[in-house]
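See below for input28.cif, which holds mmCIF, C-alpha atoms.
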data_query
#
loop_
_atom_site.label_atom_id
_atom_site.label_comp_id
_atom_site.auth_asym_id
_atom_site.auth_seq_id
_atom_site.Cartn_x
_atom_site.Cartn_y
_atom_site.Cartn_z
CA MET A 12 236.24 109.04 197.76
CA LYS A 13 239.99 109.66 197.63
CA TYR A 14 240.20 111.78 194.47
CA PHE A 15 238.00 114.40 192.86
CA ASP A 16 237.80 115.20 189.16
CA ALA A 17 236.77 118.85 189.33
CA HIS A 18 235.78 119.10 185.66
CA THR A 19 234.66 116.30 183.38
CA HIS A 20 232.09 115.69 180.64
CA THR A 21 230.71 112.16 181.00
CA ASN A 22 227.43 113.77 179.89
CA PHE A 23 228.81 114.07 176.33
CA VAL A 24 227.91 111.70 173.52
CA ALA A 25 231.47 110.34 173.61
CA TYR A 26 230.22 108.16 176.51
CA ASN A 27 226.88 107.09 175.07
CA ASP A 28 228.04 103.50 174.64
CA ASP A 29 229.54 102.99 178.10
CA ARG A 30 228.52 105.87 180.38
CA GLU A 31 227.54 103.73 183.36
CA ALA A 32 230.67 101.60 183.02
CA THR A 33 232.78 104.78 182.92
CA VAL A 34 231.22 106.03 186.13
CA GLN A 35 231.68 102.62 187.72
CA ARG A 36 235.37 102.62 186.82
CA SER A 37 235.71 105.96 188.58
CA LYS A 38 233.97 104.55 191.66
CA ASP A 39 236.31 101.57 191.62
CA ALA A 40 239.23 104.05 191.54
CA GLU A 41 237.63 105.99 194.44
CA VAL A 42 237.13 109.05 192.25
CA GLY A 43 234.28 111.53 192.62
CA MET A 44 233.46 113.80 189.71
CA ASN A 45 231.93 117.11 188.77
CA VAL A 46 230.09 116.67 185.47
CA VAL A 47 229.99 120.02 183.70
CA GLY A 48 227.34 121.30 181.32
CA THR A 49 228.17 123.35 178.24
CA GLN A 50 224.64 124.29 177.17
CA LEU A 51 221.11 123.58 178.37
CA ASP A 52 220.89 120.01 177.07
CA THR A 53 224.25 118.91 178.47
CA SER A 54 223.52 120.72 181.74
CA LYS A 55 220.29 118.75 182.11
CA ALA A 56 222.24 115.57 181.33
CA ALA A 57 224.78 116.44 184.02
CA VAL A 58 222.05 116.82 186.62
CA SER A 59 220.49 113.51 185.56
CA LEU A 60 223.82 111.75 186.09
CA ALA A 61 224.23 113.37 189.49
CA GLU A 62 220.80 112.11 190.49
CA LYS A 63 221.74 108.58 189.50
CA PHE A 64 225.24 108.13 190.95
CA ASP A 65 226.43 109.01 194.44
CA ASN A 66 229.95 109.92 193.28
CA VAL A 67 228.68 112.40 190.68
CA TRP A 68 227.87 116.09 191.14
CA ALA A 69 226.81 118.56 188.45
CA THR A 70 227.64 122.03 187.16
CA ILE A 71 225.19 123.87 184.90
CA GLY A 72 225.95 126.61 182.42
CA LEU A 73 226.52 127.87 178.90
CA HIS A 74 230.02 127.58 177.41
CA PRO A 75 231.13 130.77 175.66
CA VAL A 76 231.65 129.01 172.32
CA HIS A 77 227.98 128.04 172.34
CA THR A 78 226.71 131.61 172.66
CA THR A 79 227.19 132.17 168.92
CA LYS A 80 227.60 129.99 165.85
CA SER A 81 230.60 127.82 166.65
CA TYR A 82 232.56 124.82 165.53
CA HIS A 83 230.85 121.46 165.99
CA ASP A 84 232.57 118.98 168.32
CA VAL A 85 231.52 115.40 167.55
CA GLN A 86 232.69 114.14 170.95
CA GLU A 87 230.43 116.67 172.66
CA LEU A 88 227.35 116.80 170.46
CA GLY A 89 227.40 113.79 168.15
CA GLU A 90 227.24 113.59 164.39
CA GLY A 91 225.30 116.37 162.62
CA GLY A 92 221.55 116.21 162.39
CA LYS A 93 219.43 117.29 165.33
CA GLU A 94 222.43 117.34 167.68
CA PHE A 95 224.10 120.06 165.64
CA THR A 96 223.75 123.12 167.87
CA SER A 97 226.25 125.57 166.41
CA ARG A 98 223.38 128.01 165.88
CA GLY A 99 224.25 129.63 169.23
CA GLU A 100 222.20 129.46 172.42
CA VAL A 101 220.73 132.45 174.23
CA PHE A 102 221.24 132.08 177.98
CA ASP A 103 217.82 131.28 179.48
CA ILE A 104 218.31 132.40 183.05
CA GLY A 105 215.00 130.95 184.23
CA ALA A 106 215.75 127.47 182.91
CA TYR A 107 219.29 127.51 184.27
CA GLU A 108 218.19 128.85 187.65
CA GLU A 109 215.71 126.00 188.00
CA LEU A 110 218.50 123.51 187.26
CA GLY A 111 220.92 125.39 189.49
CA ARG A 112 218.71 125.01 192.55
CA HIS A 113 218.99 121.23 192.36
CA PRO A 114 220.75 119.97 195.52
CA ARG A 115 223.35 118.06 193.46
CA VAL A 116 224.42 121.14 191.50
CA ILE A 117 227.66 122.51 192.93
CA ALA A 118 228.61 125.32 190.52
CA VAL A 119 227.59 127.51 187.59
CA GLY A 120 229.50 127.07 184.32
CA GLU A 121 231.42 126.35 182.40
CA CYS A 122 231.08 130.00 181.65
CA GLY A 123 233.51 132.71 180.67
CA LEU A 124 235.21 134.01 177.56
CA ASP A 125 236.81 132.20 174.63
CA TYR A 126 238.56 134.40 172.07
CA PHE A 127 240.10 131.56 170.09
CA ARG A 128 237.45 131.93 167.38
CA THR A 129 235.81 135.34 167.22
CA GLU A 130 234.08 137.39 164.56
CA GLY A 131 231.57 140.22 164.49
CA ASP A 132 229.91 140.74 167.85
CA THR A 133 231.11 137.42 169.30
CA LYS A 134 232.99 139.02 172.20
CA GLU A 135 230.06 141.19 173.28
CA VAL A 136 227.64 138.26 173.16
CA GLN A 137 230.04 136.18 175.25
CA LYS A 138 230.47 138.95 177.78
CA LYS A 139 226.71 139.32 178.27
CA ALA A 140 226.23 135.58 178.78
CA PHE A 141 229.17 135.55 181.19
CA ILE A 142 227.78 138.39 183.28
CA ASP A 143 224.33 136.76 183.33
CA GLN A 144 225.87 133.55 184.66
CA ILE A 145 227.91 135.39 187.27
CA GLU A 146 224.70 137.04 188.46
CA LEU A 147 223.03 133.62 188.61
CA ALA A 148 225.90 132.23 190.66
CA ASN A 149 225.64 135.22 192.99
CA ARG A 150 221.94 134.58 193.46
CA LEU A 151 222.37 130.84 193.99
CA GLU A 152 225.43 131.42 196.20
CA LYS A 153 227.27 128.73 194.26
CA PRO A 154 230.82 128.98 192.85
CA LEU A 155 231.75 129.65 189.24
CA MET A 156 233.39 127.15 186.90
CA LEU A 157 235.36 129.34 184.52
CA HIS A 158 236.39 128.64 180.94
CA ILE A 159 238.81 131.33 179.75
CA ARG A 160 240.92 131.16 176.61
CA ASN A 161 242.94 134.06 175.19
CA ALA A 162 240.85 136.40 177.37
CA TYR A 163 242.23 136.47 180.90
CA GLU A 164 242.36 140.25 181.34
CA ASP A 165 238.81 140.82 180.08
CA ALA A 166 237.58 137.99 182.29
CA LEU A 167 239.31 139.44 185.34
CA ASP A 168 237.72 142.84 184.71
CA ILE A 169 234.26 141.30 184.50
CA LEU A 170 234.76 139.18 187.61
CA LYS A 171 235.98 142.17 189.62
CA ALA A 172 232.92 144.16 188.57
CA HIS A 173 230.24 141.52 189.05
CA ALA A 174 231.24 138.42 191.04
CA ARG A 175 230.31 138.08 194.71
CA VAL A 176 231.22 134.40 194.65
CA ARG A 177 234.47 132.69 193.77
CA GLY A 178 235.19 129.35 192.11
CA ASP A 179 237.68 127.60 189.86
CA VAL A 180 239.59 128.56 186.72
CA HIS A 181 239.22 125.36 184.71
CA PHE A 182 242.18 124.16 182.61
CA PHE A 183 244.28 127.13 183.61
CA ALA A 184 246.74 127.96 180.81
CA GLY A 185 248.08 131.38 181.78
CA ASP A 186 251.47 132.32 183.14
CA TRP A 187 252.40 132.93 186.78
CA ALA A 188 251.63 136.66 186.57
CA VAL A 189 248.06 135.93 185.45
CA ALA A 190 247.73 133.07 187.95
CA LYS A 191 248.54 135.41 190.84
CA LYS A 192 245.70 137.72 189.85
CA PHE A 193 243.14 134.92 190.09
CA LEU A 194 244.68 133.54 193.26
CA ASP A 195 244.58 137.00 194.86
CA MET A 196 240.85 137.13 194.09
CA GLY A 197 240.32 133.75 195.76
CA PHE A 198 239.88 131.57 192.67
CA THR A 199 241.45 128.12 192.56
CA LEU A 200 243.29 126.86 189.48
CA SER A 201 242.68 123.38 188.09
CA PHE A 202 244.97 121.33 185.89
CA THR A 203 244.41 118.46 183.48
CA GLY A 204 246.42 115.58 182.06
CA VAL A 205 248.23 118.06 179.82
CA ILE A 206 250.71 118.56 182.69
CA THR A 207 251.85 114.95 182.21
CA PHE A 208 253.26 115.64 178.74
CA THR A 209 254.33 119.29 178.74
CA HIS A 210 256.26 121.53 181.12
CA ASP A 211 254.35 124.67 180.09
CA TYR A 212 252.43 124.80 183.37
CA ASP A 213 255.15 123.73 185.79
CA GLU A 214 255.86 127.22 187.12
CA VAL A 215 252.25 127.79 188.16
CA VAL A 216 251.84 124.30 189.61
CA LYS A 217 255.03 124.77 191.66
CA ASN A 218 254.33 128.29 192.89
CA ALA A 219 250.59 128.28 193.60
CA PRO A 220 249.62 127.52 197.21
CA VAL A 221 248.71 123.84 197.33
CA ASP A 222 245.38 124.69 198.96
CA MET A 223 244.44 126.65 195.81
CA LEU A 224 244.88 123.80 193.31
CA LEU A 225 242.36 121.31 191.92
CA SER A 226 242.76 118.23 189.74
CA GLU A 227 240.59 117.59 186.69
CA THR A 228 240.49 115.53 183.50
CA ASP A 229 238.32 117.61 181.14
CA ALA A 230 237.43 114.17 179.78
CA PRO A 231 236.98 113.08 177.04
CA TYR A 232 239.85 115.43 176.10
CA VAL A 233 243.59 115.66 176.99
CA THR A 234 244.18 112.12 178.17
CA PRO A 235 247.22 111.97 180.49
CA ALA A 236 250.41 110.07 179.80
CA PRO A 237 250.85 107.12 179.64
CA LEU A 238 247.33 106.70 178.19
CA ARG A 239 247.50 109.28 175.39
CA GLY A 240 245.74 108.24 172.22
CA THR A 241 242.75 106.83 174.10
CA ARG A 242 239.57 108.54 175.24
CA ASN A 243 240.02 110.21 178.62
CA GLU A 244 237.79 109.46 181.61
CA PRO A 245 237.46 110.56 185.25
CA ALA A 246 239.30 107.54 186.69
CA TYR A 247 242.46 108.91 185.08
CA VAL A 248 242.51 111.95 187.37
CA THR A 249 244.80 109.91 189.59
CA HIS A 250 247.58 110.49 187.04
CA VAL A 251 247.04 114.24 187.30
CA VAL A 252 247.25 114.20 191.09
CA ARG A 253 250.48 112.23 191.02
CA LYS A 254 251.99 114.63 188.47
CA ILE A 255 251.05 117.69 190.54
CA ALA A 256 252.88 116.13 193.48
CA GLU A 257 255.89 115.30 191.29
CA ILE A 258 256.14 118.82 189.86
CA ARG A 259 255.96 120.29 193.36
CA GLY A 260 258.46 117.79 194.76
CA ALA A 261 255.87 116.86 197.38
CA ASP A 262 254.57 113.67 198.95
CA THR A 263 251.88 112.19 196.71
CA GLU A 264 249.59 111.19 199.55
CA GLU A 265 249.79 114.60 201.18
CA VAL A 266 248.92 116.27 197.86
CA ARG A 267 246.07 113.83 197.25
CA VAL A 268 244.53 114.61 200.64
CA GLN A 269 244.93 118.36 200.15
CA LEU A 270 243.41 118.40 196.65
CA LEU A 271 240.40 116.45 197.87
CA GLU A 272 239.98 118.86 200.77
CA ASN A 273 240.23 121.77 198.33
CA ALA A 274 237.40 120.34 196.24
CA ARG A 275 235.25 119.82 199.32
CA ARG A 276 235.84 123.44 200.34
CA VAL A 277 235.39 125.08 196.93
CA PHE A 278 232.26 123.15 195.96
CA GLY A 279 230.78 122.64 199.42
CA LEU A 280 230.60 118.89 198.88
CA ASP A 281 229.98 118.14 202.53
CA ARG A 282 226.86 120.31 202.39
CA ILE A 283 225.47 118.72 199.24
CA ALA A 284 222.90 115.93 199.48
CA SER A 285 224.37 112.52 198.71
#
Write-out of the structure in structure tokens:
Amino acid sequence: MKYFDAHTHTNFVAYNDDREATVQRSKDAEVGMNVVGTQLDTSKAAVSLAEKFDNVWATIGLHPVHTTKSYHDVQELGEGGKEFTSRGEVFDIGAYEELGRHPRVIAVGECGLDYFRTEGDTKEVQKKAFIDQIELANRLEKPLMLHIRNAYEDALDILKAHARVRGDVHFFAGDWAVAKKFLDMGFTLSFTGVITFTHDYDEVVKNAPVDMLLSETDAPYVTPAPLRGTRNEPAYVTHVVRKIAEIRGADTEEVRVQLLENARRVFGLDRIAS
């Protein structure tokens, strides 16, 4: 393994036709991956993949948009019918704890706050589910995989009050002032292929300590240049690593080695059964 995709979703229905081939392409590219759950079904699917492939690990959790009625993402859940789960899921701590004790599970999430679409008591429901998942991570002594959108300050307040573990801020999209607050708390920041086609994140990528950065794809979303317009997949994380090095003006191989070491440290990969 030379690269690590810290956050991907090969458990989603977008890969139903070629899931094993997708994983094999990542192995051929010497890429390991963290397959992240977004609700109970996709968390179970992530664990199943981790059991099957030696370059796959799993993260289990409830995405904030799935705590209440939410938009339906075809790439995640499939076309309507029984897969349509916008009803909102109540966090079942017993079921998630059982999954979380699996030796191939390396984190809890993706959990957090998403204020992009909110109405009624959405924020309070999200906050409760977030705190419950932080408490689960504390109990399991496993890191958090954070999803935060338009809610960084609220998320920081909750983490300061409840978290005894650290983890990664997935798809970080804040400015340098916000980044420093997470870095000061010991959270890493991960970046996707979006950095290959916008300069919005350059300041953070340049200024953050290199030992506090992770690479990810968030596949099937945000495919990096020069592959935009196609479905993303974990093998493409190599483009993200090269871009991080380019933005920092650093040697690509040195950055590759450091990012892999960061993933091993944050997720305890060397302690996880293979």
Which residues fall under the PyMOL selection byres ((chain A and resi 237) around 10) in this file, as an mmCIF file with C-alpha atoms, in the frame of the given file?
data_model
loop_
_atom_site.group_PDB
_atom_site.id
_atom_site.type_symbol
_atom_site.label_atom_id
_atom_site.label_comp_id
_atom_site.auth_asym_id
_atom_site.auth_seq_id
_atom_site.Cartn_x
_atom_site.Cartn_y
_atom_site.Cartn_z
ATOM 1 C CA GLY A 204 246.420 115.580 182.060
ATOM 2 C CA THR A 207 251.850 114.950 182.210
ATOM 3 C CA PHE A 208 253.260 115.640 178.740
ATOM 4 C CA THR A 234 244.180 112.120 178.170
ATOM 5 C CA PRO A 235 247.220 111.970 180.490
ATOM 6 C CA ALA A 236 250.410 110.070 179.800
ATOM 7 C CA LEU A 238 247.330 106.700 178.190
ATOM 8 C CA ARG A 239 247.500 109.280 175.390
ATOM 9 C CA GLY A 240 245.740 108.240 172.220
ATOM 10 C CA THR A 241 242.750 106.830 174.100
ATOM 11 C CA HIS A 250 247.580 110.490 187.040
#
If we count all atoms listed in the file and set the cut-off at 12 Å, which residues sit around Phe102 of chain A, ignoring sequence neighbours fewer than 2 positions away in its own chain? Please answer as a ChimeraX atom specification. /A:49-51,71-75,77-79,99-100,104-108,120,122,136-145,147
For segment 201-219 of chain A, what centre and edge lengths in Å (one decimal) does the axis-aligned box get once 4 Å is added on each side of all its listed atoms, as JSON?
{"center_x": 249.5, "center_y": 121.6, "center_z": 186.2, "size_x": 21.6, "size_y": 21.3, "size_z": 22.9}
Applied to the shown file, which residues does the PyMOL selection byres ((chain A and resi 57-68) around 10) return, written as a tab-separated table (two decimals) with C-alpha atoms, in the coordinates of the input?
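To be explicit, this is the file written out as selection-v5.tsv:
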chain	number	residue	atom	x	y	z
A	12	MET	CA	236.24	109.04	197.76
A	15	PHE	CA	238.00	114.40	192.86
A	16	ASP	CA	237.80	115.20	189.16
A	17	ALA	CA	236.77	118.85	189.33
A	19	THR	CA	234.66	116.30	183.38
A	20	HIS	CA	232.09	115.69	180.64
A	21	THR	CA	230.71	112.16	181.00
A	22	ASN	CA	227.43	113.77	179.89
A	23	PHE	CA	228.81	114.07	176.33
A	30	ARG	CA	228.52	105.87	180.38
A	31	GLU	CA	227.54	103.73	183.36
A	34	VAL	CA	231.22	106.03	186.13
A	35	GLN	CA	231.68	102.62	187.72
A	37	SER	CA	235.71	105.96	188.58
A	38	LYS	CA	233.97	104.55	191.66
A	41	GLU	CA	237.63	105.99	194.44
A	42	VAL	CA	237.13	109.05	192.25
A	43	GLY	CA	234.28	111.53	192.62
A	44	MET	CA	233.46	113.80	189.71
A	45	ASN	CA	231.93	117.11	188.77
A	46	VAL	CA	230.09	116.67	185.47
A	47	VAL	CA	229.99	120.02	183.70
A	48	GLY	CA	227.34	121.30	181.32
A	49	THR	CA	228.17	123.35	178.24
A	51	LEU	CA	221.11	123.58	178.37
A	52	ASP	CA	220.89	120.01	177.07
A	53	THR	CA	224.25	118.91	178.47
A	54	SER	CA	223.52	120.72	181.74
A	55	LYS	CA	220.29	118.75	182.11
A	56	ALA	CA	222.24	115.57	181.33
A	69	ALA	CA	226.81	118.56	188.45
A	70	THR	CA	227.64	122.03	187.16
A	71	ILE	CA	225.19	123.87	184.90
A	110	LEU	CA	218.50	123.51	187.26
A	111	GLY	CA	220.92	125.39	189.49
A	113	HIS	CA	218.99	121.23	192.36
A	114	PRO	CA	220.75	119.97	195.52
A	115	ARG	CA	223.35	118.06	193.46
A	116	VAL	CA	224.42	121.14	191.50
A	117	ILE	CA	227.66	122.51	192.93
A	118	ALA	CA	228.61	125.32	190.52
A	278	PHE	CA	232.26	123.15	195.96
A	280	LEU	CA	230.60	118.89	198.88
A	283	ILE	CA	225.47	118.72	199.24
A	284	ALA	CA	222.90	115.93	199.48
A	285	SER	CA	224.37	112.52	198.71
Distance in Å - atom CA of Met196 of chain A versus atom CA of Leu170 of chain A: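 We find that atom CA of Met196 of chain A and atom CA of Leu170 of chain A lie 9.1 Å from each other.
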Set the distance at 10 Å and use all atoms listed in the file: which residues neighbour Val268 of chain A once local chain neighbours fewer than 6 positions away are removed? I'd like the list as a list in words.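 Within the cut-off, the hits are Lys13, Tyr14 and Val252 of chain A.
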Could you tell me how far atom CA of Glu227 of chain A lies from atom CA of Val248 of chain A, in Å and to one decimal?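 So the two atoms, atom CA of Glu227 of chain A and atom CA of Val248 of chain A, lie 6.0 Å apart.
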Given the file shown, enumerate the residues that the PyMOL selection byres ((chain A and resi 152-167) around 7) captures and present them as a list in words.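 Taken on the displayed file, the PyMOL selection byres ((chain A and resi 152-167) around 7) yields the residues Ile117, Ala118, Val119, Gly120, Glu121, Cys122, Gly123, Leu124, Asp125, Tyr126, Phe127, Ala148, Asn149, Arg150, Leu151, Asp168, Ile169, Leu170, Lys171, Val176, Arg177, Gly178, Asp179, Val180, His181 and Phe278 of chain A.
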Go ahead and write the residues just picked, C-alpha atoms, as a PDB file, in the coordinates of the input.
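So the final result, stored in result12.pdb, reads:
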ATOM      1  CA  ILE A 117     227.660 122.510 192.930  1.00  0.00           C
ATOM      2  CA  ALA A 118     228.610 125.320 190.520  1.00  0.00           C
ATOM      3  CA  VAL A 119     227.590 127.510 187.590  1.00  0.00           C
ATOM      4  CA  GLY A 120     229.500 127.070 184.320  1.00  0.00           C
ATOM      5  CA  GLU A 121     231.420 126.350 182.400  1.00  0.00           C
ATOM      6  CA  CYS A 122     231.080 130.000 181.650  1.00  0.00           C
ATOM      7  CA  GLY A 123     233.510 132.710 180.670  1.00  0.00           C
ATOM      8  CA  LEU A 124     235.210 134.010 177.560  1.00  0.00           C
ATOM      9  CA  ASP A 125     236.810 132.200 174.630  1.00  0.00           C
ATOM     10  CA  TYR A 126     238.560 134.400 172.070  1.00  0.00           C
ATOM     11  CA  PHE A 127     240.100 131.560 170.090  1.00  0.00           C
ATOM     12  CA  ALA A 148     225.900 132.230 190.660  1.00  0.00           C
ATOM     13  CA  ASN A 149     225.640 135.220 192.990  1.00  0.00           C
ATOM     14  CA  ARG A 150     221.940 134.580 193.460  1.00  0.00           C
ATOM     15  CA  LEU A 151     222.370 130.840 193.990  1.00  0.00           C
ATOM     16  CA  ASP A 168     237.720 142.840 184.710  1.00  0.00           C
ATOM     17  CA  ILE A 169     234.260 141.300 184.500  1.00  0.00           C
ATOM     18  CA  LEU A 170     234.760 139.180 187.610  1.00  0.00           C
ATOM     19  CA  LYS A 171     235.980 142.170 189.620  1.00  0.00           C
ATOM     20  CA  VAL A 176     231.220 134.400 194.650  1.00  0.00           C
ATOM     21  CA  ARG A 177     234.470 132.690 193.770  1.00  0.00           C
ATOM     22  CA  GLY A 178     235.190 129.350 192.110  1.00  0.00           C
ATOM     23  CA  ASP A 179     237.680 127.600 189.860  1.00  0.00           C
ATOM     24  CA  VAL A 180     239.590 128.560 186.720  1.00  0.00           C
ATOM     25  CA  HIS A 181     239.220 125.360 184.710  1.00  0.00           C
ATOM     26  CA  PHE A 278     232.260 123.150 195.960  1.00  0.00           C
TER      27      PHE A 278
END
Interatomic distance, atom CA of Lys134 of chain A to atom CA of Asp195 of chain A (Å, one decimal): 25.5 Å
